[in-house]
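Undergrad: Before we start, here is the structure in question, set down as structure tokens.
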Amino acid sequence: MQQDIHNGGAGADRHPADPARGIPAQRPHTPAEAASEPPHPGGRAARRRALTARRTRRRRVLKWTGGLAAFALVAGCGGAYYAYQHFNNNITAVKVQLGNEAERPKPVADALNILVIGTDSREGLGREYGDEGSAGHADTTLLFHIAKDRSNATALSIPRDLMVPVPECRTPDGKTIPGTARTMFNNSLGQEGRDPGCTWKTVEKVTGIRVDHFVMVNFDAVKTLSTAVGGVEVCAAKDINDPDSHLRMAKGRHVVQGDEALAFVRTRHAVGLGGDLTRIPLQQQFIGSMIRSIKSSDTLTNPAKLWKLADSATKALTVDSGIGSVDKLKDLALDLSKVDSGKITFATVPVLDDPADENRLVLKQPDAAQLFSMVGGDRSLTEPAAGAAAPEAPAASAPAAPAATSAPAAPAAPGGAASTAAAAVDAKDLRVTVRNGTGTPGQAQQTVDRLVAKGYAKAATAANAPVATATSIAHPAGKAAEAAALAAALGLPAEAVKADPKLGARDGLVLVLGKDAPSAAAAQAAATPAAVPSEAPKDLQRVQGDDVDACAR
């Protein structure tokens, strides 16, 4: 699946057209078109017949490939009818195991959530990228939400360094992979044999948003897709020289493809603060520009370019079995093509530095919960027009967002004193040890997952406790308010909170689950859906899909 790659030097002028100079883009004939245009010795009548034939062929191509104007990483799969089997054989599909349906977030009718995973796997790529044969990680991940009325879309970038719980997963061959209470998000794929289904389950656990399908791409996909569309325009606000990604780019606008396109989306050390959060806006800029390239008339009216795009896309993608055919991918692409580029919002999940490790990240609450609630509730992040009516509240089946970092106000503390300090408790820094005393395996991990989703980032399991009738929370001296806040977050009565003299000042809380502890499924069923926020969090990093001024800084 090799493509010819022609990259100019740094700062080279690679624009085929310059609107500012009044020079229109010229679409050259492909060899196939040139070969189909013999001389017309028969005069005007013969020339009219030839012109009509060419127009008819073009209309057929447009009809066959109307679904290609869609999201860059899943577009291009409609294909020409006569090539149906060729494209179908290109597709790699995986059947994922998602576990108990009752424990998954509820869907929003007619909305679509596509998990796009960019893996840094080196399998089958030789030594070109180092770490030969590495199974890779979920290096770049976006949750792409398409509104139920197809009027807008949101692409949430999930940082790879985010610390999250990864649930227990099962591979298609029946292998069970134990869950991890707290690890980097990128470990949800590749490590210990985890497949895309593990990343899928992790995203649902962390966000409370139901995922419908996944699409996975590797390094080669970025190269081949960018080449298939004739290059992707990007912008650098300064000269970039990154020895790690091998990107050398002068300040200004450039059209990149192949190896240079891959270097651009991998660059992080030479821009911004030099981390993953700096790289994400480059990727958002690149994908937004690729979407515009695919939707452009230059692509949609060029049969040779359409063929190349469809062939490259179907070879480059790994998808779930639910969309593992040309027909299903075409239908998905047609849905996505209805969204105008200006109504696509790219945003990064709000995060903070991990207090336990400055090289890692944790969710910034309540901002993350607010954002997840908006996306899960089908609320647009696109700025509404002045005076526009607010959208209707979603149905009760919309998933409830994880709670804010600051724990809710607690009930009265033991002894009758009101816990006025509970509202100020910072859940993210509070260590909570969960022990299972229910007698039913798996309850501790399910509770940890719920606590992490509520902002208790340091919740973790410990050894099982003896079977207990009632759930209890033990706390050391000075942490009664924190214990009361935890009880409120779990819906426990005030009497469940007890001081434990054996716990020291540096210890956290100990939650022992009794037989009265509800299962995760029962807790979710009993939860009352929260109202969906009408506004995005302040200081949310985002860019619109039609922003041609976005530049790497």
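A note on labels: chains of the structure tokens are A, B, ... as shown, every chain counts residues from 1, and ligands are counted from 1 in their shown order.
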Tell me, as a ChimeraX atom specification, which residues lie within 9 Å of stretch 502-512 of chain A, counting only C-alpha atoms; anything in the same chain fewer than 4 positions away does not count.

TA: /A:430-438,444,464-465,468,470-479,482-483,486

Undergrad: What's the 8 Å shell around stretch 210-221 of chain A, counting only C-alpha atoms, without same-chain residues fewer than 2 positions away, as a PyMOL selection string?

TA: chain A and resi 73-74+104-107+112-121+196+200+203-204+208+223-225+262+312-313+316-320+322-323+376+399

Undergrad: I want to know what sits within 9 Å of A:Glu260, based on only C-alpha atoms, with residues of the same chain fewer than 6 positions away left out; could you give that as number ranges by chain?

TA: A: 7, 223, 246-248

Undergrad: Using DSSP on the backbone coordinates, identify all residues within stretch 222-387 of chain A classified as strand (DSSP E); present the result as number ranges by chain.

TA: A: 232-236, 240-242, 247-249, 252-256, 318-320, 344-348, 351-354, 357-363

Undergrad: The selected residues should be written to file as a CSV table (one decimal), in the first residue's frame (atoms: N, CA and C atoms).

TA:
chain,number,residue,atom,x,y,z
A,232,VAL,N,-2.7,18.2,2.6
A,232,VAL,CA,-3.6,18.8,3.6
A,232,VAL,C,-2.9,20.2,4.0
A,233,GLU,N,-3.6,21.3,3.9
A,233,GLU,CA,-3.0,22.6,4.2
A,233,GLU,C,-3.0,22.7,5.8
A,234,VAL,N,-1.8,23.1,6.3
A,234,VAL,CA,-1.6,23.4,7.7
A,234,VAL,C,-0.9,24.7,7.8
A,235,CYS,N,-0.8,25.2,9.1
A,235,CYS,CA,-0.2,26.5,9.3
A,235,CYS,C,0.7,26.4,10.5
A,236,ALA,N,1.9,27.1,10.4
A,236,ALA,CA,2.8,27.2,11.5
A,236,ALA,C,3.0,28.6,11.9
A,240,ILE,N,9.5,25.7,12.9
A,240,ILE,CA,9.4,24.4,13.7
A,240,ILE,C,10.6,23.5,13.3
A,241,ASN,N,11.3,23.1,14.2
A,241,ASN,CA,12.4,22.1,14.0
A,241,ASN,C,12.4,21.1,15.1
A,242,ASP,N,11.7,20.0,14.9
A,242,ASP,CA,11.5,18.9,15.9
A,242,ASP,C,12.3,17.7,15.5
A,247,LEU,N,10.1,16.9,11.9
A,247,LEU,CA,9.4,17.9,11.1
A,247,LEU,C,10.3,19.2,11.1
A,248,ARG,N,10.6,19.7,9.9
A,248,ARG,CA,11.2,21.0,9.7
A,248,ARG,C,10.3,21.8,8.9
A,249,MET,N,9.8,22.9,9.4
A,249,MET,CA,8.8,23.7,8.7
A,249,MET,C,9.0,25.1,9.0
A,252,GLY,N,4.5,29.9,8.4
A,252,GLY,CA,3.6,30.1,7.3
A,252,GLY,C,2.7,28.9,7.0
A,253,ARG,N,2.1,29.0,5.8
A,253,ARG,CA,1.1,27.9,5.4
A,253,ARG,C,1.9,26.9,4.5
A,254,HIS,N,1.5,25.6,4.6
A,254,HIS,CA,2.1,24.6,3.9
A,254,HIS,C,1.0,23.5,3.5
A,255,VAL,N,1.3,22.8,2.5
A,255,VAL,CA,0.5,21.6,2.1
A,255,VAL,C,1.3,20.4,2.3
A,256,VAL,N,0.9,19.6,3.3
A,256,VAL,CA,1.7,18.4,3.7
A,256,VAL,C,1.0,17.1,3.3
A,318,THR,N,-9.3,0.2,10.5
A,318,THR,CA,-9.8,-1.0,11.2
A,318,THR,C,-11.1,-0.5,12.0
A,319,VAL,N,-12.2,-1.3,11.8
A,319,VAL,CA,-13.5,-0.8,12.3
A,319,VAL,C,-14.1,-2.0,13.1
A,320,ASP,N,-15.2,-1.6,13.9
A,320,ASP,CA,-15.9,-2.7,14.5
A,320,ASP,C,-16.8,-3.4,13.5
A,344,ILE,N,-18.7,21.8,13.1
A,344,ILE,CA,-17.9,20.8,13.8
A,344,ILE,C,-17.0,21.5,14.8
A,345,THR,N,-17.1,21.2,16.1
A,345,THR,CA,-16.2,21.8,17.1
A,345,THR,C,-15.3,20.7,17.6
A,346,PHE,N,-14.0,21.0,17.6
A,346,PHE,CA,-12.9,20.2,18.2
A,346,PHE,C,-12.6,20.8,19.5
A,347,ALA,N,-12.6,19.9,20.6
A,347,ALA,CA,-12.3,20.4,21.9
A,347,ALA,C,-11.5,19.3,22.7
A,348,THR,N,-10.8,19.8,23.7
A,348,THR,CA,-10.0,18.9,24.5
A,348,THR,C,-10.6,18.7,25.8
A,351,VAL,N,-8.4,19.1,31.7
A,351,VAL,CA,-7.6,18.3,32.6
A,351,VAL,C,-6.7,19.2,33.5
A,352,LEU,N,-6.1,18.6,34.5
A,352,LEU,CA,-5.2,19.3,35.4
A,352,LEU,C,-4.0,18.4,35.5
A,353,ASP,N,-2.8,19.0,36.0
A,353,ASP,CA,-1.7,18.1,36.3
A,353,ASP,C,-2.0,17.2,37.5
A,354,ASP,N,-1.6,16.0,37.4
A,354,ASP,CA,-1.9,15.0,38.4
A,354,ASP,C,-1.0,15.4,39.7
A,357,ASP,N,1.9,13.1,40.2
A,357,ASP,CA,2.9,13.0,39.2
A,357,ASP,C,2.7,14.1,38.1
A,358,GLU,N,3.6,15.1,38.1
A,358,GLU,CA,3.4,16.2,37.2
A,358,GLU,C,3.4,15.9,35.7
A,359,ASN,N,3.9,14.7,35.4
A,359,ASN,CA,3.9,14.2,34.0
A,359,ASN,C,2.6,13.5,33.6
A,360,ARG,N,1.7,13.5,34.5
A,360,ARG,CA,0.4,12.8,34.2
A,360,ARG,C,-0.7,13.8,34.4
A,361,LEU,N,-1.9,13.4,34.0
A,361,LEU,CA,-3.1,14.4,34.0
A,361,LEU,C,-4.3,13.7,34.8
A,362,VAL,N,-5.1,14.5,35.3
A,362,VAL,CA,-6.4,14.1,35.9
A,362,VAL,C,-7.5,15.0,35.4
A,363,LEU,N,-8.7,14.5,35.4
A,363,LEU,CA,-9.8,15.3,34.9
A,363,LEU,C,-10.0,16.6,35.8

Undergrad: Within 9 Å of A:Gly99, counting only C-alpha atoms, which residues qualify if same-chain residues fewer than 2 places away don't, as a PyMOL selection string?

TA: chain A and resi 97+101-104+169-170+201

Undergrad: Looking at A:Leu277, A:Val166, A:Ala457, A:Leu371, which one is nearest to A:Ala181, with distances taken over only C-alpha atoms?

TA: A:Val166

Undergrad: Nearest to A:Thr440: which of A:Ala552, A:Leu490, A:Ala517, A:Met184 is it, counting only C-alpha atoms?

TA: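 Comparing A:Ala552, A:Leu490, A:Ala517, A:Met184 against A:Thr440, the winner is A:Ala517.
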
Undergrad: Quick check, in Å to one decimal: how far apart do atom CA of A:Ala153 and atom CA of A:Lys343 lie?

TA: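 Between atom CA of A:Ala153 and atom CA of A:Lys343 the gap is 6.3 Å.
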
Undergrad: Using only C-alpha atoms, find the one residue out of A:Gln541, A:Ser325, A:Thr154, A:Ser341 that sits nearest to A:Phe87.

TA: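 Result for the nearest residue to A:Phe87: A:Ser325.
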
Undergrad: Using only C-alpha atoms for the distances, tell me which of A:Thr171, A:Lys238, A:Asn152, A:Lys364 is nearest to A:Ser337.

TA: A:Asn152

Undergrad: Applying 12 Å and only C-alpha atoms, which residues near A:Pro178 remain after dropping the ones on its own chain fewer than 6 positions away? List them as a PyMOL selection string.

TA: chain A and resi 165-171+188+191-194+198+442+445

Undergrad: So that I can check the secondary structure, give me every residue of stretch 421-539 of chain A assigned alpha helix (DSSP H) by backbone DSSP, as JSON, numbers by chain.

TA: {"A": [443, 444, 445, 446, 447, 448, 449, 450, 451, 452, 453, 480, 481, 482, 483, 484, 485, 486, 487, 488, 489, 490, 520, 521, 522, 523, 524, 525, 526]}

Undergrad: Which residues, written as a PyMOL selection string, have at least one atom at most 7 Å from A:Arg150, with only C-alpha atoms counted and residues fewer than 3 positions away on the same chain left out?

TA: chain A and resi 146-147+338-339

Undergrad: Can you write just those residues out, C-alpha atoms, as a PDB file, in the first residue's frame?

TA:
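What landed in again.pdb:
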ATOM      1  CA  ILE A 146     -22.791  13.636  15.552  1.00  0.00           C
ATOM      2  CA  ALA A 147     -26.028  15.311  16.646  1.00  0.00           C
ATOM      3  CA  LYS A 338     -24.647  16.336   6.350  1.00  0.00           C
ATOM      4  CA  VAL A 339     -22.704  18.280   8.993  1.00  0.00           C
TER       5      VAL A 339
END

Undergrad: Nearest to A:Ser380: which of A:Cys551, A:Ile91, A:Ala109, A:Ala536 is it, counting only C-alpha atoms?

TA: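 Using only C-alpha atoms, the shortest distance to A:Ser380 belongs to A:Ala536.
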
Undergrad: Pick the closest to A:Gly324 from A:Thr267, A:Leu540, A:Glu535, A:Ala93: which is it, counting only C-alpha atoms?

TA: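 Smallest separation from A:Gly324 among the options: A:Ala93.
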